[in-house]
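Undergrad: Please find start_39.pdb (PDB, C-alpha atoms) on the next line:
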```pdb
ATOM      1  CA  MET A  22    -108.505 -44.997  46.799  1.00  0.00           C
ATOM      2  CA  SER A  23    -109.987 -47.588  44.503  1.00  0.00           C
ATOM      3  CA  LYS A  24    -108.103 -50.658  43.492  1.00  0.00           C
ATOM      4  CA  LYS A  25    -108.084 -49.406  39.939  1.00  0.00           C
ATOM      5  CA  THR A  26    -106.421 -46.131  40.862  1.00  0.00           C
ATOM      6  CA  ALA A  27    -103.839 -47.893  43.045  1.00  0.00           C
ATOM      7  CA  LEU A  28    -102.948 -50.213  40.169  1.00  0.00           C
ATOM      8  CA  ILE A  29    -102.466 -47.312  37.792  1.00  0.00           C
ATOM      9  CA  LEU A  30    -100.094 -45.541  40.227  1.00  0.00           C
ATOM     10  CA  THR A  31     -98.106 -48.745  40.712  1.00  0.00           C
ATOM     11  CA  VAL A  32     -97.660 -49.147  36.955  1.00  0.00           C
ATOM     12  CA  ILE A  33     -96.576 -45.516  36.540  1.00  0.00           C
ATOM     13  CA  ALA A  34     -93.969 -45.866  39.305  1.00  0.00           C
ATOM     14  CA  ALA A  35     -92.582 -49.037  37.756  1.00  0.00           C
ATOM     15  CA  LEU A  36     -92.292 -47.410  34.355  1.00  0.00           C
ATOM     16  CA  SER A  37     -90.424 -44.454  35.866  1.00  0.00           C
ATOM     17  CA  VAL A  38     -87.800 -46.760  37.412  1.00  0.00           C
ATOM     18  CA  ILE A  39     -87.265 -48.506  34.101  1.00  0.00           C
ATOM     19  CA  VAL A  40     -86.781 -45.202  32.227  1.00  0.00           C
ATOM     20  CA  LEU A  41     -84.317 -43.829  34.789  1.00  0.00           C
ATOM     21  CA  SER A  42     -82.340 -47.048  34.795  1.00  0.00           C
ATOM     22  CA  ALA A  43     -82.140 -47.002  31.013  1.00  0.00           C
ATOM     23  CA  GLY A  44     -80.908 -43.392  31.049  1.00  0.00           C
ATOM     24  CA  CYS A  45     -78.001 -44.266  33.371  1.00  0.00           C
ATOM     25  CA  LYS A  46     -76.757 -47.210  31.372  1.00  0.00           C
ATOM     26  CA  GLY A  47     -73.603 -46.849  29.286  1.00  0.00           C
ATOM     27  CA  LYS A  48     -70.086 -45.503  29.939  1.00  0.00           C
ATOM     28  CA  THR A  49     -69.433 -43.628  33.097  1.00  0.00           C
ATOM     29  CA  ALA A  50     -69.646 -39.918  32.535  1.00  0.00           C
ATOM     30  CA  ARG A  51     -66.237 -38.330  32.806  1.00  0.00           C
ATOM     31  CA  VAL A  52     -64.068 -35.798  31.163  1.00  0.00           C
ATOM     32  CA  SER A  53     -61.871 -37.908  29.082  1.00  0.00           C
ATOM     33  CA  LYS A  54     -58.249 -37.034  29.269  1.00  0.00           C
ATOM     34  CA  PRO A  55     -57.230 -36.400  25.716  1.00  0.00           C
ATOM     35  CA  GLU A  56     -54.736 -38.809  24.323  1.00  0.00           C
ATOM     36  CA  PRO A  57     -51.353 -37.290  24.571  1.00  0.00           C
ATOM     37  CA  LYS A  58     -50.335 -35.990  21.201  1.00  0.00           C
ATOM     38  CA  LYS A  59     -47.187 -37.398  19.833  1.00  0.00           C
ATOM     39  CA  GLU A  60     -44.514 -34.821  20.156  1.00  0.00           C
ATOM     40  CA  GLU A  61     -43.677 -33.438  16.807  1.00  0.00           C
ATOM     41  CA  VAL A  62     -39.959 -33.541  16.275  1.00  0.00           C
ATOM     42  CA  VAL A  63     -38.929 -30.447  14.425  1.00  0.00           C
ATOM     43  CA  GLU A  64     -35.489 -30.959  13.076  1.00  0.00           C
ATOM     44  CA  GLU A  65     -33.526 -27.794  13.393  1.00  0.00           C
ATOM     45  CA  SER A  66     -32.035 -26.721  10.143  1.00  0.00           C
ATOM     46  CA  PRO A  67     -28.276 -26.687  10.338  1.00  0.00           C
ATOM     47  CA  LYS A  68     -27.185 -23.196  11.215  1.00  0.00           C
ATOM     48  CA  LYS A  69     -25.149 -21.464   8.644  1.00  0.00           C
ATOM     49  CA  ASP A  70     -21.691 -20.686   9.833  1.00  0.00           C
ATOM     50  CA  GLU A  71     -21.818 -17.374  11.526  1.00  0.00           C
ATOM     51  CA  ALA A  72     -19.479 -14.777  10.183  1.00  0.00           C
ATOM     52  CA  GLN A  73     -16.184 -15.217  11.937  1.00  0.00           C
ATOM     53  CA  PRO A  74     -14.135 -12.217  12.970  1.00  0.00           C
ATOM     54  CA  ALA A  75     -11.631 -11.340  10.320  1.00  0.00           C
ATOM     55  CA  LYS A  76      -8.359 -13.062  10.975  1.00  0.00           C
ATOM     56  CA  PRO A  77      -5.407 -10.808  11.355  1.00  0.00           C
ATOM     57  CA  GLN A  78      -3.692 -10.518   8.030  1.00  0.00           C
ATOM     58  CA  THR A  79      -0.330 -12.179   7.800  1.00  0.00           C
ATOM     59  CA  GLY A  80       2.582 -10.617   6.004  1.00  0.00           C
ATOM     60  CA  ASN A  81       1.909  -7.102   7.230  1.00  0.00           C
ATOM     61  CA  ILE A  82       5.288  -6.400   8.797  1.00  0.00           C
ATOM     62  CA  ALA A  83       8.800  -6.561   7.363  1.00  0.00           C
ATOM     63  CA  VAL A  84      11.713  -7.264   9.705  1.00  0.00           C
ATOM     64  CA  ILE A  85      15.101  -6.019   8.558  1.00  0.00           C
ATOM     65  CA  GLN A  86      18.107  -7.438  10.385  1.00  0.00           C
ATOM     66  CA  THR A  87      21.056  -5.067  10.121  1.00  0.00           C
ATOM     67  CA  GLU A  88      24.465  -4.675  11.698  1.00  0.00           C
ATOM     68  CA  LYS A  89      23.029  -1.861  13.792  1.00  0.00           C
ATOM     69  CA  GLY A  90      19.886  -3.603  14.986  1.00  0.00           C
ATOM     70  CA  ILE A  91      16.400  -4.674  13.979  1.00  0.00           C
ATOM     71  CA  ILE A  92      14.139  -2.410  11.913  1.00  0.00           C
ATOM     72  CA  LYS A  93      10.462  -3.256  11.555  1.00  0.00           C
ATOM     73  CA  PHE A  94       8.037  -1.557   9.248  1.00  0.00           C
ATOM     74  CA  LYS A  95       4.382  -2.071   8.434  1.00  0.00           C
ATOM     75  CA  PHE A  96       3.057  -2.177   4.882  1.00  0.00           C
ATOM     76  CA  TYR A  97       0.402  -0.038   3.211  1.00  0.00           C
ATOM     77  CA  PRO A  98      -1.263  -2.711   1.035  1.00  0.00           C
ATOM     78  CA  ASN A  99      -4.295  -0.540   0.320  1.00  0.00           C
ATOM     79  CA  ASP A 100      -2.190   2.338  -0.966  1.00  0.00           C
ATOM     80  CA  ALA A 101       0.430   0.403  -2.900  1.00  0.00           C
ATOM     81  CA  PRO A 102      -0.720  -3.232  -3.363  1.00  0.00           C
ATOM     82  CA  LYS A 103       1.570  -4.124  -6.275  1.00  0.00           C
ATOM     83  CA  THR A 104       4.590  -2.587  -4.605  1.00  0.00           C
ATOM     84  CA  VAL A 105       3.898  -4.412  -1.346  1.00  0.00           C
ATOM     85  CA  ASP A 106       3.399  -7.714  -3.185  1.00  0.00           C
ATOM     86  CA  ASN A 107       6.641  -7.206  -5.064  1.00  0.00           C
ATOM     87  CA  PHE A 108       8.624  -6.429  -1.918  1.00  0.00           C
ATOM     88  CA  ILE A 109       7.209  -9.467  -0.122  1.00  0.00           C
ATOM     89  CA  LYS A 110       7.932 -11.701  -3.126  1.00  0.00           C
ATOM     90  CA  LEU A 111      11.543 -10.539  -3.326  1.00  0.00           C
ATOM     91  CA  THR A 112      11.939 -10.858   0.431  1.00  0.00           C
ATOM     92  CA  LYS A 113      10.666 -14.422   0.518  1.00  0.00           C
ATOM     93  CA  SER A 114      13.035 -15.379  -2.280  1.00  0.00           C
ATOM     94  CA  GLY A 115      15.978 -14.116  -0.208  1.00  0.00           C
ATOM     95  CA  PHE A 116      16.702 -11.365  -2.737  1.00  0.00           C
ATOM     96  CA  TYR A 117      17.611  -8.730  -0.152  1.00  0.00           C
ATOM     97  CA  ASN A 118      19.746 -10.887   2.105  1.00  0.00           C
ATOM     98  CA  GLY A 119      23.365  -9.730   1.979  1.00  0.00           C
ATOM     99  CA  THR A 120      22.676  -6.491   0.115  1.00  0.00           C
ATOM    100  CA  LYS A 121      23.908  -3.213   1.595  1.00  0.00           C
ATOM    101  CA  PHE A 122      22.662   0.251   2.305  1.00  0.00           C
ATOM    102  CA  HIS A 123      24.676   1.735  -0.536  1.00  0.00           C
ATOM    103  CA  ARG A 124      23.475   5.304  -0.105  1.00  0.00           C
ATOM    104  CA  VAL A 125      23.169   7.267   3.137  1.00  0.00           C
ATOM    105  CA  VAL A 126      22.444  11.003   3.160  1.00  0.00           C
ATOM    106  CA  PRO A 127      22.322  12.391   6.732  1.00  0.00           C
ATOM    107  CA  GLY A 128      19.039  14.095   7.518  1.00  0.00           C
ATOM    108  CA  PHE A 129      17.540  12.746   4.303  1.00  0.00           C
ATOM    109  CA  VAL A 130      17.370   8.974   3.604  1.00  0.00           C
ATOM    110  CA  ILE A 131      19.153   5.648   3.753  1.00  0.00           C
ATOM    111  CA  GLN A 132      18.794   3.556   0.589  1.00  0.00           C
ATOM    112  CA  GLY A 133      19.272  -0.155  -0.094  1.00  0.00           C
ATOM    113  CA  GLY A 134      18.010  -3.109  -2.080  1.00  0.00           C
ATOM    114  CA  ASP A 135      20.446  -3.103  -5.004  1.00  0.00           C
ATOM    115  CA  PRO A 136      21.832  -6.602  -5.672  1.00  0.00           C
ATOM    116  CA  LEU A 137      24.981  -5.034  -7.140  1.00  0.00           C
ATOM    117  CA  SER A 138      25.863  -3.844  -3.632  1.00  0.00           C
ATOM    118  CA  LYS A 139      26.682  -7.412  -2.607  1.00  0.00           C
ATOM    119  CA  THR A 140      29.919  -7.268  -4.577  1.00  0.00           C
ATOM    120  CA  ASP A 141      30.503  -3.516  -4.385  1.00  0.00           C
ATOM    121  CA  ASP A 142      30.007  -3.345  -8.123  1.00  0.00           C
ATOM    122  CA  PRO A 143      30.866   0.179  -9.344  1.00  0.00           C
ATOM    123  CA  ARG A 144      27.464   0.281 -11.035  1.00  0.00           C
ATOM    124  CA  VAL A 145      25.769   0.043  -7.640  1.00  0.00           C
ATOM    125  CA  GLY A 146      22.645   2.148  -7.577  1.00  0.00           C
ATOM    126  CA  THR A 147      21.519   0.955 -10.986  1.00  0.00           C
ATOM    127  CA  GLY A 148      20.737  -2.670 -10.182  1.00  0.00           C
ATOM    128  CA  GLY A 149      17.403  -4.340  -9.664  1.00  0.00           C
ATOM    129  CA  PRO A 150      15.446  -7.576 -10.026  1.00  0.00           C
ATOM    130  CA  GLY A 151      15.472  -7.468 -13.827  1.00  0.00           C
ATOM    131  CA  TYR A 152      12.064  -5.847 -14.210  1.00  0.00           C
ATOM    132  CA  ASN A 153      10.232  -2.686 -13.236  1.00  0.00           C
ATOM    133  CA  ILE A 154       6.943  -2.175 -11.414  1.00  0.00           C
ATOM    134  CA  PRO A 155       4.387   0.589 -12.039  1.00  0.00           C
ATOM    135  CA  ALA A 156       4.330   3.636  -9.797  1.00  0.00           C
ATOM    136  CA  GLU A 157       1.614   3.730  -7.144  1.00  0.00           C
ATOM    137  CA  PHE A 158       1.793   7.318  -5.968  1.00  0.00           C
ATOM    138  CA  ASN A 159      -0.590   7.839  -3.083  1.00  0.00           C
ATOM    139  CA  GLY A 160      -1.554  10.158  -0.282  1.00  0.00           C
ATOM    140  CA  GLN A 161       0.788   8.747   2.358  1.00  0.00           C
ATOM    141  CA  PRO A 162       3.206  11.496   3.454  1.00  0.00           C
ATOM    142  CA  HIS A 163       6.959  11.193   3.779  1.00  0.00           C
ATOM    143  CA  LEU A 164       7.533  11.191   7.535  1.00  0.00           C
ATOM    144  CA  GLU A 165      10.487  10.128   9.606  1.00  0.00           C
ATOM    145  CA  GLY A 166      10.640   6.365   9.081  1.00  0.00           C
ATOM    146  CA  THR A 167       8.595   6.338   5.884  1.00  0.00           C
ATOM    147  CA  VAL A 168       9.575   3.525   3.484  1.00  0.00           C
ATOM    148  CA  ALA A 169       9.269   4.161  -0.255  1.00  0.00           C
ATOM    149  CA  MET A 170      10.589   2.921  -3.580  1.00  0.00           C
ATOM    150  CA  ALA A 171      13.618   4.520  -5.208  1.00  0.00           C
ATOM    151  CA  ARG A 172      13.434   5.112  -8.962  1.00  0.00           C
ATOM    152  CA  SER A 173      15.069   6.920 -11.845  1.00  0.00           C
ATOM    153  CA  SER A 174      13.487   9.835 -13.685  1.00  0.00           C
ATOM    154  CA  ASP A 175      10.936   7.409 -15.129  1.00  0.00           C
ATOM    155  CA  PRO A 176       8.057   7.127 -12.624  1.00  0.00           C
ATOM    156  CA  ASN A 177       7.618   3.454 -13.529  1.00  0.00           C
ATOM    157  CA  SER A 178      11.260   2.454 -13.110  1.00  0.00           C
ATOM    158  CA  ALA A 179      11.212   1.104  -9.541  1.00  0.00           C
ATOM    159  CA  GLY A 180      12.224  -2.505  -9.018  1.00  0.00           C
ATOM    160  CA  SER A 181      13.829  -3.491  -5.716  1.00  0.00           C
ATOM    161  CA  GLN A 182      15.598  -0.449  -4.298  1.00  0.00           C
ATOM    162  CA  PHE A 183      13.902   1.269  -1.389  1.00  0.00           C
ATOM    163  CA  TYR A 184      14.682   4.076   1.011  1.00  0.00           C
ATOM    164  CA  ILE A 185      13.806   5.016   4.582  1.00  0.00           C
ATOM    165  CA  CYS A 186      13.411   8.666   5.536  1.00  0.00           C
ATOM    166  CA  LEU A 187      15.598  10.004   8.330  1.00  0.00           C
ATOM    167  CA  ALA A 188      13.298  13.013   8.722  1.00  0.00           C
ATOM    168  CA  PRO A 189      10.057  14.283   7.187  1.00  0.00           C
ATOM    169  CA  GLN A 190      10.455  14.970   3.457  1.00  0.00           C
ATOM    170  CA  PRO A 191       7.271  16.676   2.253  1.00  0.00           C
ATOM    171  CA  SER A 192       8.932  17.640  -1.031  1.00  0.00           C
ATOM    172  CA  LEU A 193       8.850  13.954  -2.012  1.00  0.00           C
ATOM    173  CA  ASP A 194       5.132  13.500  -1.402  1.00  0.00           C
ATOM    174  CA  GLY A 195       3.226  12.247  -4.425  1.00  0.00           C
ATOM    175  CA  GLN A 196       6.384  11.650  -6.448  1.00  0.00           C
ATOM    176  CA  TYR A 197       7.539   8.324  -5.043  1.00  0.00           C
ATOM    177  CA  THR A 198       5.617   5.222  -4.046  1.00  0.00           C
ATOM    178  CA  VAL A 199       5.263   5.134  -0.280  1.00  0.00           C
ATOM    179  CA  PHE A 200       4.527   1.567   0.793  1.00  0.00           C
ATOM    180  CA  GLY A 201       5.451   1.336   4.459  1.00  0.00           C
ATOM    181  CA  GLN A 202       6.266   3.004   7.767  1.00  0.00           C
ATOM    182  CA  VAL A 203       8.830   2.064  10.409  1.00  0.00           C
ATOM    183  CA  ILE A 204       7.125   1.021  13.633  1.00  0.00           C
ATOM    184  CA  GLU A 205      10.172  -0.202  15.528  1.00  0.00           C
ATOM    185  CA  GLY A 206      13.918   0.376  15.317  1.00  0.00           C
ATOM    186  CA  MET A 207      14.257   4.023  14.272  1.00  0.00           C
ATOM    187  CA  ASP A 208      17.329   4.154  16.498  1.00  0.00           C
ATOM    188  CA  ALA A 209      18.893   1.508  14.257  1.00  0.00           C
ATOM    189  CA  VAL A 210      17.838   3.443  11.152  1.00  0.00           C
ATOM    190  CA  HIS A 211      19.699   6.515  12.386  1.00  0.00           C
ATOM    191  CA  LYS A 212      22.823   4.450  13.105  1.00  0.00           C
ATOM    192  CA  ILE A 213      23.094   3.060   9.573  1.00  0.00           C
ATOM    193  CA  VAL A 214      26.142   4.175   7.589  1.00  0.00           C
ATOM    194  CA  GLN A 215      26.966   3.556   3.963  1.00  0.00           C
ATOM    195  CA  GLY A 216      28.056  -0.033   3.433  1.00  0.00           C
ATOM    196  CA  ASN A 217      26.142  -1.562   6.359  1.00  0.00           C
ATOM    197  CA  VAL A 218      24.788  -4.974   5.408  1.00  0.00           C
ATOM    198  CA  ILE A 219      21.160  -6.048   5.360  1.00  0.00           C
ATOM    199  CA  VAL A 220      21.732  -9.432   6.960  1.00  0.00           C
ATOM    200  CA  LYS A 221      18.220 -10.642   6.272  1.00  0.00           C
ATOM    201  CA  ILE A 222      14.701  -9.387   5.659  1.00  0.00           C
ATOM    202  CA  SER A 223      11.753 -11.526   6.727  1.00  0.00           C
ATOM    203  CA  ILE A 224       7.976 -11.104   6.807  1.00  0.00           C
ATOM    204  CA  GLU A 225       5.841 -11.635   9.899  1.00  0.00           C
TER     205      GLU A 225
END
```
Represent the supplied structure as structure tokens.

TA:
Amino acid sequence: MSKKTALILTVIAALSVIVLSAGCKGKTARVSKPEPKKEEVVEESPKKDEAQPAKPQTGNIAVIQTEKGIIKFKFYPNDAPKTVDNFIKLTKSGFYNGTKFHRVVPGFVIQGGDPLSKTDDPRVGTGGPGYNIPAEFNGQPHLEGTVAMARSSDPNSAGSQFYICLAPQPSLDGQYTVFGQVIEGMDAVHKIVQGNVIVKISIE
């Protein structure tokens, strides 16, 4: 090999080293771990109050304390709303306390709610709260223990007097406002005699 050729090879080799060294300079090759993203805080919208189960309605049962025992009856507010409201209003005012069952017809009904019965007024059977309420005739049948409003020949003449059936009375269906049904104390209902006092009526 001539000196000239050897010199050329030496130069080429040197240049190769320089190029390779230049290509390796810089940051170390690596897969950079991405910067952790800031967690996005998503504020949860306040939840709307979920529908709560319907609370049991209050004022759905009347409790009649009598000399012969306790009588409880449930109301029919959907069938006779005004009548039920009226009875509850009178009850809460103490209107019925001390009145008597002034009419008892065996096998038929017992009737009370006349304020005149407190003093055994001879006009008993004609008294009331001083106003009348409209009839609310409905499809509830007259069964044993049915509670309905007493009235005169005028359908809209009821006020405070009510009766409780001692036996089914289908002939009365649709002619009187049925607004309740005895659920406890039918034995006491059957023991009532004319003149027995309604000690107190309360709503629970």

Undergrad: Kindly give the distance, in Å, that separates CA of Glu88 in chain A and CA of Ile213 in chain A, rounded to a single decimal.

TA: 8.1 Å

Undergrad: For Val126 in chain A, work out the shell of residues within 10 Å, counting only C-alpha atoms and skipping chain neighbours fewer than 5 positions away, then give it as a VMD selection string.

TA: chain A and resid 131 to 132 186 to 187 214 to 215

Undergrad: Once the PyMOL selection byres ((chain A and resi 181) around 6) is applied to the coordinates I shared, what remains selected? I want it as a ChimeraX atom specification.

TA: /A:134,149,180,182

Undergrad: Just say which residues the PyMOL selection byres ((chain A and resi 110-125) around 10) picks in this file, as a PyMOL selection string.

TA: chain A and resi 83-87+104-109+126-141+145-146+149-150+180-185+187+211+213-224

Undergrad: What separation in Å, quoted to one decimal, exists between CA of Ile82 in chain A and CA of Glu205 in chain A?

TA: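 Between CA of Ile82 in chain A and CA of Glu205 in chain A the gap is 10.4 Å.
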
Undergrad: What does the structure give for the distance between CA of Gly90 in chain A and CA of Gln190 in chain A, in Å to one decimal?

TA: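 Value for the CA of Gly90 in chain A-CA of Gln190 in chain A distance: 23.8 Å.
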
Undergrad: Considering only C-alpha atoms, state which residue in the set A:Gly151, A:Asn177, A:Asn81, A:Glu157 is at the smallest distance from Phe96 in chain A.

TA: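 Using only C-alpha atoms, Phe96 in chain A sits closest to A:Asn81.
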
Undergrad: Give me the residues near Ala179 in chain A as a list in words, where near means some atom within 10 Å (using only C-alpha atoms) and where sequence neighbours in that chain fewer than 6 positions away do not count.

TA: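 Returned residues: Thr104, Gly149, Pro150, Tyr152, Asn153, Ile154, Pro155, Ala156, Ala169, Met170, Ala171, Arg172, Ser173, Tyr197 and Thr198 of chain A.
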
Undergrad: Taking into account all atoms listed in the file, which residue in the set A:Thr167, A:Thr147, A:Asn159, A:Ser174 is nearest to Phe94 in chain A?

TA: A:Thr167

Undergrad: Could you tell me which residues the PyMOL selection byres ((chain A and resi 195) around 9) grabs in this file, written as a PyMOL selection string?

TA: chain A and resi 158-162+191-194+196-199

Undergrad: With only C-alpha atoms as the atoms that count, which of A:Glu165, A:Asp175, A:Ala188, A:Gly148 lies nearest to Val203 in chain A?

TA: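 Closest residue, counting only C-alpha atoms: A:Glu165.
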
Undergrad: Each side padded by 6 Å, which centre and which edge lengths in Å (one decimal) define the axis-aligned box around the listed atoms of range 114-129 of chain A? Give them as AutoDock Vina command-line options.

TA:
```
--center_x 18.9 --center_y -0.6 --center_z 2.4 --size_x 23.6 --size_y 41.5 --size_z 22.3
```
